[in-house]
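Shown next: work27.txt, containing compact mmCIF, C-alpha atoms.
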# COMPACT_ATOMS: atom_id res chain seq x y z
CA ASN K 1 -11.40 -32.08 -31.05
CA MET K 2 -14.26 -33.33 -28.85
CA ASP K 3 -12.11 -36.32 -27.81
CA LEU K 4 -9.36 -33.96 -26.58
CA LYS K 5 -7.04 -35.06 -29.38
CA ILE K 6 -4.79 -32.46 -30.96
CA ILE K 7 -5.64 -31.76 -34.60
CA TRP K 8 -3.27 -28.82 -35.10
CA THR K 9 -0.58 -26.99 -33.15
CA ASN K 10 1.78 -24.14 -33.82
CA ARG K 11 5.55 -24.43 -33.64
CA ALA K 12 5.83 -22.60 -30.31
CA ALA K 13 3.65 -25.19 -28.57
CA ALA K 14 5.63 -28.02 -30.17
CA MET K 15 8.97 -26.47 -29.17
CA ALA K 16 7.76 -26.24 -25.56
CA LEU K 17 7.49 -30.03 -25.59
CA ASP K 18 10.64 -30.52 -27.67
CA MET K 19 8.60 -32.01 -30.51
CA GLU K 20 7.64 -31.29 -34.09
CA PRO K 21 4.08 -30.05 -34.69
CA ASP K 22 3.19 -33.06 -36.88
CA ASP K 23 4.27 -35.44 -34.11
CA MET K 24 1.65 -33.95 -31.77
CA VAL K 25 -1.30 -34.36 -34.11
CA GLY K 26 -3.62 -37.17 -33.08
CA LYS K 27 -2.26 -37.31 -29.55
CA TYR K 28 -4.19 -36.53 -26.37
CA CYS K 29 -3.14 -33.17 -24.98
CA TYR K 30 -3.16 -34.38 -21.38
CA LYS K 31 -0.83 -37.27 -22.22
CA LEU K 32 1.66 -35.18 -24.15
CA GLN K 33 1.94 -32.24 -21.80
CA TYR K 34 1.05 -33.64 -18.41
CA HIS K 35 1.80 -37.37 -18.82
CA ARG K 36 -1.66 -38.23 -17.57
CA ASN K 37 -3.97 -41.07 -18.56
CA SER K 38 -7.08 -38.95 -18.14
CA PRO K 39 -8.01 -35.27 -18.63
CA CYS K 40 -6.59 -32.76 -16.19
CA LYS K 41 -8.68 -31.65 -13.26
CA GLY K 42 -10.44 -28.43 -14.20
CA CYS K 43 -9.58 -28.88 -17.89
CA PRO K 44 -10.63 -25.61 -19.60
CA VAL K 45 -11.43 -27.42 -22.88
CA GLN K 46 -13.88 -29.75 -21.18
CA ARG K 47 -15.45 -26.72 -19.49
CA VAL K 48 -15.80 -25.11 -22.92
CA PHE K 49 -17.67 -28.16 -24.19
CA LYS K 50 -20.05 -28.00 -21.24
CA SER K 51 -20.62 -24.24 -21.15
CA GLY K 52 -20.15 -23.21 -24.78
CA THR K 53 -18.18 -20.18 -23.57
CA PRO K 54 -14.47 -19.35 -23.34
CA GLN K 55 -12.76 -20.67 -20.20
CA GLN K 56 -9.55 -19.75 -18.41
CA SER K 57 -7.32 -21.81 -16.15
CA GLU K 58 -3.83 -21.91 -14.69
CA MET K 59 -1.92 -25.15 -14.90
CA THR K 60 1.50 -26.32 -13.74
CA THR K 61 3.47 -28.54 -16.11
CA PRO K 62 5.60 -31.49 -14.95
CA GLY K 63 8.59 -29.18 -15.41
CA SER K 64 7.04 -26.73 -12.92
CA ALA K 65 6.21 -24.11 -15.53
CA ILE K 66 3.00 -22.20 -14.79
CA LEU K 67 0.74 -21.69 -17.77
CA SER K 68 -2.21 -19.36 -18.17
CA VAL K 69 -4.53 -21.27 -20.50
CA MET K 70 -7.48 -19.87 -22.43
CA ALA K 71 -9.80 -22.20 -24.31
CA TYR K 72 -12.31 -21.01 -26.92
CA PRO K 73 -15.11 -22.99 -28.59
CA ALA K 74 -14.68 -23.93 -32.27
CA TYR K 75 -17.86 -24.28 -34.36
CA ASP K 76 -18.86 -25.90 -37.61
CA GLU K 77 -20.88 -24.09 -40.30
CA ASN K 78 -24.10 -24.88 -38.41
CA GLY K 79 -22.90 -23.32 -35.15
CA VAL K 80 -22.30 -26.66 -33.45
CA ILE K 81 -19.22 -26.97 -31.24
CA ILE K 82 -16.80 -29.42 -32.81
CA GLY K 83 -13.75 -28.72 -30.70
CA ALA K 84 -11.77 -25.98 -29.04
CA VAL K 85 -8.82 -23.71 -29.59
CA GLU K 86 -6.47 -23.63 -26.62
CA VAL K 87 -3.92 -20.84 -26.10
CA GLY K 88 -1.28 -21.15 -23.41
CA LYS K 89 1.04 -18.48 -22.06
CA ASP K 90 3.99 -19.16 -19.77
CA ILE K 91 3.54 -16.92 -16.72
CA THR K 92 6.12 -18.61 -14.49
CA ASN K 93 8.38 -15.56 -14.16
CA ARG K 94 5.47 -13.24 -13.50
CA ARG K 95 4.03 -15.51 -10.83
CA MET K 96 7.44 -15.92 -9.18
CA ALA K 97 7.82 -12.13 -9.13
CA GLU K 98 4.34 -11.73 -7.63
CA ASP K 99 5.06 -14.34 -4.96
CA SER K 100 8.38 -12.70 -4.13
CA LEU K 101 6.68 -9.29 -3.85
CA GLN K 102 4.01 -10.70 -1.55
CA ARG K 103 6.66 -12.27 0.68
CA SER K 104 8.60 -9.00 0.76
CA GLU K 105 5.47 -7.03 1.66
CA ALA K 106 4.60 -9.53 4.39
CA ASN K 107 8.12 -9.27 5.85
CA TYR K 108 8.02 -5.48 5.63
CA ARG K 109 4.68 -5.32 7.44
CA ALA K 110 5.88 -7.74 10.12
CA ILE K 111 8.92 -5.55 10.80
CA ILE K 112 6.77 -2.41 10.99
CA GLU K 113 4.23 -4.05 13.30
CA GLU K 114 6.95 -5.28 15.68
CA TYR K 115 8.74 -1.92 15.72
CA ALA K 116 8.28 -0.16 19.08
CA GLY K 117 8.16 3.31 17.55
CA LEU K 118 5.04 4.98 16.18
CA ILE K 119 4.67 4.63 12.41
CA CYS K 120 1.91 6.06 10.26
CA ARG K 121 1.25 6.94 6.65
CA PHE K 122 -1.09 9.78 5.79
CA LYS K 123 -2.47 11.87 2.94
CA PRO K 124 -1.56 15.55 2.46
CA ASP K 125 -4.57 16.59 4.54
CA GLY K 126 -3.46 14.42 7.47
CA THR K 127 -5.90 11.58 6.84
CA LEU K 128 -4.31 8.35 8.06
CA SER K 129 -3.99 5.47 5.60
CA PHE K 130 -1.79 3.20 7.74
CA VAL K 131 -0.80 2.95 11.40
CA ASN K 132 1.26 0.30 13.16
CA GLU K 133 0.24 -1.42 16.39
CA ALA K 134 2.43 0.85 18.52
CA TYR K 135 0.60 3.89 17.15
CA CYS K 136 -2.75 2.32 18.05
CA ARG K 137 -1.64 1.53 21.59
CA TYR K 138 -0.14 4.95 22.16
CA PHE K 139 -3.34 6.77 21.31
CA GLY K 140 -5.67 4.10 22.69
CA LYS K 141 -7.49 3.52 19.41
CA LYS K 142 -8.21 0.55 17.20
CA ARG K 143 -6.84 0.62 13.68
CA GLY K 144 -10.35 0.96 12.24
CA GLU K 145 -10.92 4.07 14.38
CA LEU K 146 -7.80 5.72 12.98
CA ILE K 147 -7.68 4.85 9.28
CA GLY K 148 -9.60 7.40 7.25
CA HIS K 149 -9.40 10.04 9.97
CA THR K 150 -6.93 12.87 10.51
CA PHE K 151 -4.30 12.71 13.23
CA MET K 152 -4.72 16.42 14.06
CA PRO K 153 -7.05 15.91 17.09
CA PHE K 154 -4.16 14.18 18.92
CA ILE K 155 -2.00 17.28 18.52
CA LEU K 156 -2.48 20.17 20.95
CA GLU K 157 -4.45 22.91 19.24
CA GLU K 158 -1.75 25.55 19.66
CA GLU K 159 0.75 23.24 17.91
CA ARG K 160 -1.33 22.39 14.85
CA LYS K 161 -0.45 25.40 12.65
CA ASN K 162 3.24 24.72 13.17
CA VAL K 163 2.77 21.06 12.22
CA GLU K 164 0.84 22.02 9.08
CA LYS K 165 3.56 24.52 8.14
CA HIS K 166 6.19 21.81 8.61
CA LEU K 167 4.32 19.30 6.44
CA HIS K 168 3.73 21.87 3.68
CA SER K 169 7.46 22.62 3.65
CA LEU K 170 8.27 19.11 2.44
CA ASN K 171 8.80 18.81 -1.32
CA GLN K 172 10.90 16.96 -3.90
CA GLU K 173 13.96 19.04 -3.07
CA ASN K 174 13.34 18.74 0.68
CA PRO K 175 11.57 15.37 1.13
CA VAL K 176 12.53 14.64 4.75
CA GLY K 177 12.04 16.74 7.85
CA GLU K 178 11.91 16.49 11.65
CA ILE K 179 9.53 18.16 14.05
CA GLU K 180 8.75 18.02 17.77
CA HIS K 181 5.32 18.80 19.15
CA ARG K 182 2.98 17.92 21.98
CA VAL K 183 0.21 15.33 21.79
CA THR K 184 -2.39 13.86 24.10
CA ASP K 185 -1.86 10.14 24.64
CA ALA K 186 -4.35 7.37 25.42
CA LYS K 187 -4.45 8.30 29.13
CA GLY K 188 -4.99 11.98 28.47
CA ASN K 189 -1.42 12.90 29.32
CA ILE K 190 0.38 15.59 27.35
CA ARG K 191 3.56 14.19 25.79
CA TRP K 192 6.28 15.46 23.51
CA LEU K 193 6.92 13.47 20.34
CA ARG K 194 9.65 13.84 17.74
CA TRP K 195 8.55 12.84 14.23
CA ILE K 196 10.58 12.19 11.11
CA ASN K 197 8.36 12.86 8.11
CA GLN K 198 9.17 11.80 4.58
CA LEU K 199 7.33 12.33 1.30

Would you mind writing the file's structure down as structure tokens?
Amino acid sequence: NMDLKIIWTNRAAAMALDMEPDDMVGKYCYKLQYHRNSPCKGCPVQRVFKSGTPQQSEMTTPGSAILSVMAYPAYDENGVIIGAVEVGKDITNRRMAEDSLQRSEANYRAIIEEYAGLICRFKPDGTLSFVNEAYCRYFGKKRGELIGHTFMPFILEEERKNVEKHLHSLNQENPVGEIEHRVTDAKGNIRWLRWINQL
């Protein structure tokens, strides 16, 4: 209700607190779930009362569970807000998986950036979508000058058809291939590079 006291709860919410639904009625939600003496900071129900619109929030319980909480206004027959309906979903596992994925991606990128060899990712037409720092240094370009542009200008013109033929030969049955060709480096020198390409 408007005093943040629980007037009804389903069994799932009660089980999460190891209680019976009737034992929760009349209690303050912030005391039962978060052991607080005052409303939680950013309480979505209080925001509902102020805005009159549904509000979303993420909250961490004392047991370290992460909840995605949606609060919706409840009206009387005259359209006046008399309380709120709050729906919580435990997203702890999802958030842990997301955090783990972010850490893995960060570690992966760190390894690629520190690798001395040239690494790039590109679309079928040769347009670069990723280059590591070694690639940038080798060709004397900033990352922003490379991403979104094809790598073909670095390859000697007489080598380009052979490179295109090699890339077109890669498929699901033959996803990895090697090729050697000449390029022009950052100083204008002609160099031989060996590439391992993988779909």

Point to revise | Distance criterion (all atoms listed in the file): nearest to Lys123 in chain K out of K:Lys89, K:Arg94, K:Arg160, K:His168 | key: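 Result for the nearest residue to Lys123 in chain K: K:His168.
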
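Comparing K:Gly26, K:Gly188, K:Pro124, K:Gly52 by their smallest distance to Gly140 in chain K, the closest is K:Gly188 (using all atoms listed in the file).
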
Review point. Leaving out range 191-194 of chain K and any residue of its chain fewer than 4 positions from it, which residues lie within 12 Å of it when counting all atoms listed in the file, given as a list in words?
Key: Gly117, Leu118, Ile119, Tyr135, Tyr138, Phe139, Phe154, Ile155, Leu156, Glu159, Val163, Gly177, Glu178, Ile179, Glu180, His181, Arg182, Val183, Thr184, Asp185, Ala186 and Lys187 of chain K

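Across K:Ile91, K:Ala65, K:Cys43, K:Leu32, the tightest approach to Asp18 in chain K is made by K:Leu32 when counting all atoms listed in the file.
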
If I wrap all listed atoms of range 57-70 of chain K in a box with edges along x, y and z and add 4 Å on each side, what are its centre and edge lengths in Å to one decimal, as JSON?
{"center_x": 0.6, "center_y": -25.4, "center_z": -17.7, "size_x": 24.1, "size_y": 20.1, "size_z": 17.5}

Practice item. Quick one: everything within 12 Å of Ala13 in chain K, counting all atoms listed in the file, minus sequence neighbours fewer than 5 positions away in the same chain. Send it as an MDAnalysis selection string. Key: chainID K and resid 6 8 18:25 29 32:33 67 86:90

Check your understanding: Which protein, DNA or RNA residues have an atom at most 8 Å from (-9.4, -19.4, -29.6), counting all atoms listed in the file? List them as a list in words.
Key ->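 Here the neighbourhood of the point contains Met70, Ala71, Tyr72, Pro73, Ala74, Ala84, Val85, Glu86 and Val87 of chain K.
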
**Study point:** Top pick for closest residue to Gly63 in chain K, considering K:Leu17, K:Leu167, K:Leu4, K:Ile190 and counting all atoms listed in the file
**Key:** K:Leu17

**Study point:** Residue nearest Gln46 in chain K among K:Ile82, K:Ala14, K:Met2, K:Ile66 (counting only C-alpha atoms)
**Key:**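 Closest candidate: K:Met2.
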
Review point. If you measure from CA of Ser104 in chain K to CA of Phe130 in chain K, what distance in Å do you get, rounded to one decimal?
Key: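 Distance reported for this atom pair: 17.5 Å.
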
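A straight line drawn from CA of Leu128 in chain K to CA of Gln172 in chain K is 21.2 Å long.
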
Exercise for review: Please provide the set of residues having any atom within 10 Å of Val131 in chain K, restricted to all atoms listed in the file, with same-chain residues fewer than 5 positions apart removed, written as JSON, numbers by chain.
Suggested key: {"K": [112, 113, 118, 119, 120, 121, 122, 136, 142, 143, 144, 146, 147]}

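CA of Glu157 in chain K to CA of Glu173 in chain K spans 29.2 Å [interatomic distance, one decimal].
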
Review point. Pick from K:Arg11, K:Tyr115, K:Tyr75, K:Met152: nearest to Asn132 in chain K, with only C-alpha atoms counted?
Key: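 Nearest to Asn132 in chain K: K:Tyr115.
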
N, CA, C and O atoms are what I want for range 104-122 of chain K; can you complete it accordingly and write them as a PDB file, in the coordinates of the input?
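Generated file (rebuild_19.pdb):
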ATOM      1  N   SER K 104       7.896 -10.203   0.327  1.00  0.00           N
ATOM      2  CA  SER K 104       8.600  -9.000   0.760  1.00  0.00           C
ATOM      3  C   SER K 104       7.668  -8.059   1.518  1.00  0.00           C
ATOM      4  O   SER K 104       8.036  -7.484   2.547  1.00  0.00           O
ATOM      5  N   GLU K 105       6.446  -7.891   1.000  1.00  0.00           N
ATOM      6  CA  GLU K 105       5.470  -7.030   1.660  1.00  0.00           C
ATOM      7  C   GLU K 105       5.097  -7.581   3.029  1.00  0.00           C
ATOM      8  O   GLU K 105       4.949  -6.829   4.005  1.00  0.00           O
ATOM      9  N   ALA K 106       4.947  -8.903   3.113  1.00  0.00           N
ATOM     10  CA  ALA K 106       4.600  -9.530   4.390  1.00  0.00           C
ATOM     11  C   ALA K 106       5.721  -9.317   5.407  1.00  0.00           C
ATOM     12  O   ALA K 106       5.470  -8.996   6.573  1.00  0.00           O
ATOM     13  N   ASN K 107       6.972  -9.485   4.953  1.00  0.00           N
ATOM     14  CA  ASN K 107       8.120  -9.270   5.850  1.00  0.00           C
ATOM     15  C   ASN K 107       8.204  -7.815   6.283  1.00  0.00           C
ATOM     16  O   ASN K 107       8.481  -7.515   7.454  1.00  0.00           O
ATOM     17  N   TYR K 108       7.970  -6.914   5.338  1.00  0.00           N
ATOM     18  CA  TYR K 108       8.020  -5.480   5.630  1.00  0.00           C
ATOM     19  C   TYR K 108       6.977  -5.113   6.674  1.00  0.00           C
ATOM     20  O   TYR K 108       7.266  -4.414   7.644  1.00  0.00           O
ATOM     21  N   ARG K 109       5.748  -5.619   6.496  1.00  0.00           N
ATOM     22  CA  ARG K 109       4.680  -5.320   7.440  1.00  0.00           C
ATOM     23  C   ARG K 109       4.976  -5.913   8.816  1.00  0.00           C
ATOM     24  O   ARG K 109       4.685  -5.307   9.842  1.00  0.00           O
ATOM     25  N   ALA K 110       5.558  -7.108   8.841  1.00  0.00           N
ATOM     26  CA  ALA K 110       5.880  -7.740  10.120  1.00  0.00           C
ATOM     27  C   ALA K 110       6.901  -6.899  10.884  1.00  0.00           C
ATOM     28  O   ALA K 110       6.775  -6.710  12.098  1.00  0.00           O
ATOM     29  N   ILE K 111       7.897  -6.382  10.162  1.00  0.00           N
ATOM     30  CA  ILE K 111       8.920  -5.550  10.800  1.00  0.00           C
ATOM     31  C   ILE K 111       8.279  -4.273  11.357  1.00  0.00           C
ATOM     32  O   ILE K 111       8.550  -3.861  12.496  1.00  0.00           O
ATOM     33  N   ILE K 112       7.419  -3.651  10.566  1.00  0.00           N
ATOM     34  CA  ILE K 112       6.770  -2.410  10.990  1.00  0.00           C
ATOM     35  C   ILE K 112       5.879  -2.650  12.205  1.00  0.00           C
ATOM     36  O   ILE K 112       5.843  -1.855  13.148  1.00  0.00           O
ATOM     37  N   GLU K 113       5.141  -3.762  12.197  1.00  0.00           N
ATOM     38  CA  GLU K 113       4.230  -4.050  13.300  1.00  0.00           C
ATOM     39  C   GLU K 113       4.996  -4.323  14.596  1.00  0.00           C
ATOM     40  O   GLU K 113       4.529  -4.002  15.684  1.00  0.00           O
ATOM     41  N   GLU K 114       6.167  -4.945  14.484  1.00  0.00           N
ATOM     42  CA  GLU K 114       6.950  -5.280  15.680  1.00  0.00           C
ATOM     43  C   GLU K 114       7.785  -4.110  16.179  1.00  0.00           C
ATOM     44  O   GLU K 114       8.267  -4.125  17.313  1.00  0.00           O
ATOM     45  N   TYR K 115       7.930  -3.082  15.341  1.00  0.00           N
ATOM     46  CA  TYR K 115       8.740  -1.920  15.720  1.00  0.00           C
ATOM     47  C   TYR K 115       8.064  -1.176  16.866  1.00  0.00           C
ATOM     48  O   TYR K 115       6.858  -0.941  16.856  1.00  0.00           O
ATOM     49  N   ALA K 116       8.849  -0.795  17.887  1.00  0.00           N
ATOM     50  CA  ALA K 116       8.280  -0.160  19.080  1.00  0.00           C
ATOM     51  C   ALA K 116       7.883   1.291  18.844  1.00  0.00           C
ATOM     52  O   ALA K 116       7.056   1.847  19.570  1.00  0.00           O
ATOM     53  N   GLY K 117       8.479   1.917  17.823  1.00  0.00           N
ATOM     54  CA  GLY K 117       8.160   3.310  17.550  1.00  0.00           C
ATOM     55  C   GLY K 117       6.846   3.474  16.822  1.00  0.00           C
ATOM     56  O   GLY K 117       6.316   2.529  16.233  1.00  0.00           O
ATOM     57  N   LEU K 118       6.318   4.682  16.849  1.00  0.00           N
ATOM     58  CA  LEU K 118       5.040   4.980  16.180  1.00  0.00           C
ATOM     59  C   LEU K 118       5.292   5.194  14.693  1.00  0.00           C
ATOM     60  O   LEU K 118       6.158   6.000  14.309  1.00  0.00           O
ATOM     61  N   ILE K 119       4.554   4.485  13.862  1.00  0.00           N
ATOM     62  CA  ILE K 119       4.670   4.630  12.410  1.00  0.00           C
ATOM     63  C   ILE K 119       3.286   4.851  11.831  1.00  0.00           C
ATOM     64  O   ILE K 119       2.325   4.149  12.183  1.00  0.00           O
ATOM     65  N   CYS K 120       3.182   5.830  10.956  1.00  0.00           N
ATOM     66  CA  CYS K 120       1.910   6.060  10.260  1.00  0.00           C
ATOM     67  C   CYS K 120       2.189   6.584   8.862  1.00  0.00           C
ATOM     68  O   CYS K 120       3.261   7.095   8.563  1.00  0.00           O
ATOM     69  N   ARG K 121       1.207   6.388   8.009  1.00  0.00           N
ATOM     70  CA  ARG K 121       1.250   6.940   6.650  1.00  0.00           C
ATOM     71  C   ARG K 121      -0.024   7.761   6.503  1.00  0.00           C
ATOM     72  O   ARG K 121      -1.098   7.338   6.948  1.00  0.00           O
ATOM     73  N   PHE K 122       0.083   8.920   5.872  1.00  0.00           N
ATOM     74  CA  PHE K 122      -1.090   9.780   5.790  1.00  0.00           C
ATOM     75  C   PHE K 122      -1.098  10.576   4.486  1.00  0.00           C
ATOM     76  O   PHE K 122      -0.070  10.733   3.825  1.00  0.00           O
TER      77      PHE K 122
END
